[in-house]
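S.K.: Please find protein28.csv (CSV, C-alpha atoms) on the next line:
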```
chain,number,residue,atom,x,y,z
G,1,MET,CA,-60.2,136.4,248.6
G,2,PRO,CA,-62.8,138.2,246.4
G,3,TYR,CA,-65.5,136.2,248.2
G,4,VAL,CA,-64.4,137.6,251.6
G,5,ALA,CA,-64.2,141.2,250.3
G,6,PHE,CA,-67.6,141.1,248.6
G,7,TYR,CA,-69.2,139.3,251.7
G,8,ALA,CA,-67.7,141.8,254.1
G,9,VAL,CA,-68.6,144.9,252.1
G,10,ASN,CA,-72.2,143.6,251.5
G,11,LEU,CA,-72.7,142.9,255.2
G,12,VAL,CA,-71.4,146.3,256.1
G,13,ILE,CA,-73.7,148.0,253.6
G,14,LEU,CA,-76.7,146.0,254.7
G,15,PHE,CA,-76.2,146.5,258.4
G,16,ALA,CA,-75.4,150.2,258.0
G,17,PHE,CA,-78.6,150.6,256.0
G,18,ALA,CA,-80.7,148.8,258.6
G,19,PHE,CA,-79.1,151.0,261.3
G,20,LEU,CA,-80.0,154.2,259.3
G,21,TYR,CA,-83.5,152.9,258.5
G,22,ILE,CA,-84.2,152.3,262.2
G,23,LYS,CA,-82.9,155.8,263.0
G,24,VAL,CA,-85.1,157.5,260.3
G,25,THR,CA,-88.4,155.9,261.4
G,26,PRO,CA,-90.3,157.5,264.2
G,27,TYR,CA,-90.4,154.2,266.1
G,28,ASN,CA,-87.6,151.7,267.0
G,29,GLU,CA,-88.0,148.4,265.2
G,30,LEU,CA,-85.6,146.7,267.6
G,31,ASP,CA,-87.8,147.6,270.5
G,32,ALA,CA,-90.8,146.3,268.6
G,33,VAL,CA,-89.0,142.9,268.2
G,34,LYS,CA,-88.2,142.9,271.9
G,35,GLN,CA,-91.9,143.4,272.6
G,36,ASN,CA,-92.9,140.6,270.2
G,37,LYS,CA,-94.6,143.1,267.8
G,38,ILE,CA,-94.1,142.3,264.1
G,39,VAL,CA,-96.2,145.0,262.4
G,40,PRO,CA,-93.6,147.8,262.9
G,41,VAL,CA,-90.8,145.6,261.6
G,42,ILE,CA,-92.6,144.7,258.3
G,43,PRO,CA,-91.3,147.7,256.2
G,44,LEU,CA,-87.7,147.3,257.5
G,45,LEU,CA,-87.8,143.6,256.3
G,46,GLY,CA,-89.0,144.6,252.8
G,47,SER,CA,-86.4,147.3,252.5
G,48,MET,CA,-83.6,144.9,253.7
G,49,ILE,CA,-84.7,142.4,251.0
G,50,ALA,CA,-84.7,145.1,248.4
G,51,VAL,CA,-81.2,146.3,249.4
G,52,THR,CA,-79.9,142.7,249.4
G,53,ALA,CA,-81.3,142.2,245.9
G,54,CYS,CA,-79.4,145.3,244.7
G,55,LEU,CA,-76.2,144.0,246.3
G,56,VAL,CA,-76.5,140.5,244.8
G,57,THR,CA,-77.4,141.8,241.3
G,58,ALA,CA,-74.6,144.4,241.4
G,59,GLN,CA,-72.1,141.7,242.3
G,60,VAL,CA,-73.2,139.4,239.5
G,61,VAL,CA,-73.5,142.1,236.9
G,62,THR,CA,-70.4,144.3,237.6
G,63,HIS,CA,-68.0,141.7,239.0
G,64,SER,CA,-66.5,144.8,240.7
G,65,LEU,CA,-66.3,145.6,244.4
G,66,LEU,CA,-66.7,149.3,243.6
G,67,GLY,CA,-69.7,148.6,241.4
G,68,ALA,CA,-71.3,146.6,244.2
G,69,VAL,CA,-70.6,149.3,246.7
G,70,MET,CA,-72.1,152.0,244.4
G,71,ALA,CA,-75.2,149.9,243.7
G,72,GLY,CA,-75.6,149.1,247.4
G,73,VAL,CA,-75.5,152.7,248.3
G,74,VAL,CA,-78.0,153.7,245.6
G,75,GLY,CA,-80.3,150.9,246.7
G,76,ALA,CA,-80.0,151.9,250.3
G,77,VAL,CA,-80.6,155.6,249.6
G,78,SER,CA,-83.6,154.8,247.3
G,79,GLN,CA,-85.1,152.8,250.1
G,80,LEU,CA,-84.7,155.6,252.6
G,81,ALA,CA,-86.2,158.0,250.0
G,82,VAL,CA,-89.2,155.7,249.5
G,83,TYR,CA,-89.8,155.7,253.3
G,84,TRP,CA,-89.5,159.5,253.4
G,85,VAL,CA,-91.8,160.2,250.4
G,86,PHE,CA,-94.4,157.5,251.5
G,87,GLU,CA,-94.6,159.0,255.0
G,88,ARG,CA,-95.1,162.5,253.6
G,89,ILE,CA,-97.9,161.3,251.2
G,90,MET,CA,-99.7,159.3,253.9
G,91,PHE,CA,-99.4,162.2,256.4
G,92,ASN,CA,-101.0,164.6,253.9
G,93,LEU,CA,-103.9,162.3,252.9
G,94,GLY,CA,-107.3,163.8,253.2
G,95,GLY,CA,-106.1,166.9,255.0
G,96,ASP,CA,-105.9,165.1,258.4
G,97,GLY,CA,-103.3,162.7,257.3
G,98,ILE,CA,-102.5,159.2,258.6
G,99,ARG,CA,-99.6,159.1,261.1
G,100,ASN,CA,-97.8,155.8,261.1
G,101,ASP,CA,-96.9,155.0,264.7
G,102,GLY,CA,-95.7,151.6,263.6
G,103,ASN,CA,-98.8,149.7,264.5
G,104,ASN,CA,-100.9,150.3,261.4
G,105,LEU,CA,-100.8,146.9,259.5
G,106,ALA,CA,-102.3,148.3,256.3
G,107,ILE,CA,-99.7,151.1,256.0
G,108,ASN,CA,-96.8,148.9,256.9
G,109,VAL,CA,-97.8,146.2,254.4
G,110,MET,CA,-98.2,148.9,251.7
G,111,LEU,CA,-94.7,150.2,252.5
G,112,PHE,CA,-93.3,146.6,252.5
G,113,VAL,CA,-94.7,146.0,249.0
G,114,LEU,CA,-93.5,149.5,247.8
G,115,ASN,CA,-90.0,148.7,249.1
G,116,LEU,CA,-90.0,145.4,247.2
G,117,CYS,CA,-91.2,147.2,244.0
G,118,ILE,CA,-88.6,149.9,244.2
G,119,GLY,CA,-85.9,147.3,244.9
G,120,ALA,CA,-87.1,145.3,241.8
G,121,VAL,CA,-86.8,148.5,239.7
G,122,ASN,CA,-83.3,149.1,241.0
G,123,VAL,CA,-82.3,145.5,240.2
G,124,VAL,CA,-83.8,145.6,236.7
G,125,SER,CA,-82.0,148.9,236.0
G,126,MET,CA,-78.6,147.2,236.6
G,127,ILE,CA,-79.1,144.4,234.1
G,128,PRO,CA,-77.4,145.3,230.8
G,129,TYR,CA,-79.2,144.7,227.5
```
Can you give me the file's structure in the form of structure tokens?
M.R.:
Amino acid sequence: MPYVAFYAVNLVILFAFAFLYIKVTPYNELDAVKQNKIVPVIPLLGSMIAVTACLVTAQVVTHSLLGAVMAGVVGAVSQLAVYWVFERIMFNLGGDGIRNDGNNLAINVMLFVLNLCIGAVNVVSMIPY
């Protein structure tokens, strides 16, 4: 029974996060997939990997459903914060700024890597010494 509970909660957190992430970005990643465009989806994939890593680590470290939920929420919120801060920094670069319309490969790869790095920091922070 714990397997089913952890699995269900982790899926709910992951899909709720993906839904929120798609709503926060100025473009719709699902529409990009329908149009066979991968570039706008790259940051979402990185953030989903990072949130999944947080969920897995929390389950292994805490052995608690509540702990897993808390870590998943922290992981999801941190990924949304990373996107928000990154967009503000990129927009203010050089005075003119760089607006990410979803089609800039360099910006989206940078955001993908940043998402993975922040996810790794979240995961390492959960491991007890």
S.K.: Return as JSON lines the residues of region 47-106 of chain G lying at most 7 Å from region 118-128 of chain G, together with the closest atom-to-atom pair for each and the distance in Å to one decimal, counting only C-alpha atoms, with rows in chain order and ascending residue number.
M.R.:
```
{"residue": "G:Ala50", "atom": "CA", "partner": "G:Gly119", "partner_atom": "CA", "distance": 4.3}
{"residue": "G:Val51", "atom": "CA", "partner": "G:Gly119", "partner_atom": "CA", "distance": 6.6}
{"residue": "G:Ala53", "atom": "CA", "partner": "G:Val123", "partner_atom": "CA", "distance": 6.7}
{"residue": "G:Cys54", "atom": "CA", "partner": "G:Val123", "partner_atom": "CA", "distance": 5.4}
{"residue": "G:Thr57", "atom": "CA", "partner": "G:Val123", "partner_atom": "CA", "distance": 6.2}
{"residue": "G:Ala58", "atom": "CA", "partner": "G:Met126", "partner_atom": "CA", "distance": 6.8}
{"residue": "G:Val61", "atom": "CA", "partner": "G:Ile127", "partner_atom": "CA", "distance": 6.7}
{"residue": "G:Gly75", "atom": "CA", "partner": "G:Asn122", "partner_atom": "CA", "distance": 6.7}
```
S.K.: Residues of the last selection are to be written out with C-alpha atoms, as a PDB file, keeping the file's coordinate frame.
M.R.:
```
ATOM      1  CA  ALA G  50     -84.700 145.100 248.400  1.00  0.00           C
ATOM      2  CA  VAL G  51     -81.200 146.300 249.400  1.00  0.00           C
ATOM      3  CA  ALA G  53     -81.300 142.200 245.900  1.00  0.00           C
ATOM      4  CA  CYS G  54     -79.400 145.300 244.700  1.00  0.00           C
ATOM      5  CA  THR G  57     -77.400 141.800 241.300  1.00  0.00           C
ATOM      6  CA  ALA G  58     -74.600 144.400 241.400  1.00  0.00           C
ATOM      7  CA  VAL G  61     -73.500 142.100 236.900  1.00  0.00           C
ATOM      8  CA  GLY G  75     -80.300 150.900 246.700  1.00  0.00           C
TER       9      GLY G  75
END
```
S.K.: Would you kindly return, as a PyMOL selection string, each protein, DNA or RNA residue with an atom no farther than 8 Å from any atom of region 68-71 of chain G, considering all atoms listed in the file and excluding same-chain residues fewer than 5 positions away?
M.R.: chain G and resi 6+9-10+13+54-55+58-59+62-63
S.K.: Just the number, please: distance in Å from CA of Phe112 (chain G) to CA of Tyr21 (chain G), one decimal.
M.R.: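 Atom-to-atom, CA of Phe112 (chain G) and CA of Tyr21 (chain G) are spaced 13.1 Å apart.
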S.K.: Using only C-alpha atoms, which protein or nucleic acid residues come within 7 Å of region 105-109 of chain G? Drop anything in the same chain fewer than 4 positions from it, and give the result as a PyMOL selection string.
M.R.: chain G and resi 39-40+42-43+113
S.K.: Between CA of Thr52 (chain G) and CA of Ser64 (chain G), measure the distance and give it in Å to one decimal.
M.R.: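 Separating CA of Thr52 (chain G) from CA of Ser64 (chain G) is a distance of 16.1 Å.
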S.K.: What does the distance from CA of Asn115 (chain G) to CA of Ser47 (chain G) come to in Å, to one decimal?
M.R.: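 These two atoms are separated by 5.1 Å.
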S.K.: Could you pull out every residue with an atom within 12 Å of (-87.8, 156.5, 247.2), file coordinates, counting only C-alpha atoms, and send them as a ChimeraX atom specification?
M.R.: /G:47,50,74-89,111,114-119,121-122
S.K.: Selected residues, C-alpha atoms, written as a JSON list (two decimals), keeping the file's coordinate frame, please.
M.R.:
```json
[["chain", "number", "residue", "atom", "x", "y", "z"],
["G", 47, "SER", "CA", -86.40, 147.30, 252.50],
["G", 50, "ALA", "CA", -84.70, 145.10, 248.40],
["G", 74, "VAL", "CA", -78.00, 153.70, 245.60],
["G", 75, "GLY", "CA", -80.30, 150.90, 246.70],
["G", 76, "ALA", "CA", -80.00, 151.90, 250.30],
["G", 77, "VAL", "CA", -80.60, 155.60, 249.60],
["G", 78, "SER", "CA", -83.60, 154.80, 247.30],
["G", 79, "GLN", "CA", -85.10, 152.80, 250.10],
["G", 80, "LEU", "CA", -84.70, 155.60, 252.60],
["G", 81, "ALA", "CA", -86.20, 158.00, 250.00],
["G", 82, "VAL", "CA", -89.20, 155.70, 249.50],
["G", 83, "TYR", "CA", -89.80, 155.70, 253.30],
["G", 84, "TRP", "CA", -89.50, 159.50, 253.40],
["G", 85, "VAL", "CA", -91.80, 160.20, 250.40],
["G", 86, "PHE", "CA", -94.40, 157.50, 251.50],
["G", 87, "GLU", "CA", -94.60, 159.00, 255.00],
["G", 88, "ARG", "CA", -95.10, 162.50, 253.60],
["G", 89, "ILE", "CA", -97.90, 161.30, 251.20],
["G", 111, "LEU", "CA", -94.70, 150.20, 252.50],
["G", 114, "LEU", "CA", -93.50, 149.50, 247.80],
["G", 115, "ASN", "CA", -90.00, 148.70, 249.10],
["G", 116, "LEU", "CA", -90.00, 145.40, 247.20],
["G", 117, "CYS", "CA", -91.20, 147.20, 244.00],
["G", 118, "ILE", "CA", -88.60, 149.90, 244.20],
["G", 119, "GLY", "CA", -85.90, 147.30, 244.90],
["G", 121, "VAL", "CA", -86.80, 148.50, 239.70],
["G", 122, "ASN", "CA", -83.30, 149.10, 241.00]]
```
S.K.: Between G:Leu14, G:Leu30, G:Thr25, G:Phe19, which residue has the minimum interatomic distance to Val56 (chain G), considering all atoms listed in the file?
M.R.: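 The shortest atom-to-atom distance to Val56 (chain G) comes from G:Leu14.
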S.K.: With only C-alpha atoms as the atoms that count, which of G:Ile49, G:Ala32, G:Ile38, G:Ala5 lies nearest to Phe17 (chain G)?
M.R.: G:Ile49
S.K.: Using only C-alpha atoms, which residue out of G:Asn36, G:Glu29, G:Leu44, G:Gly72 lies closest to Leu11 (chain G)?
M.R.: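 That would be G:Gly72, the residue with the smallest distance to Leu11 (chain G).
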S.K.: Smallest atom-to-atom distance to Ala8 (chain G): which of G:Asn104, G:Leu65, G:Tyr129, G:Val73, using only C-alpha atoms?
M.R.: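 Going through G:Asn104, G:Leu65, G:Tyr129, G:Val73 one by one, the smallest distance to Ala8 (chain G) is for G:Leu65.
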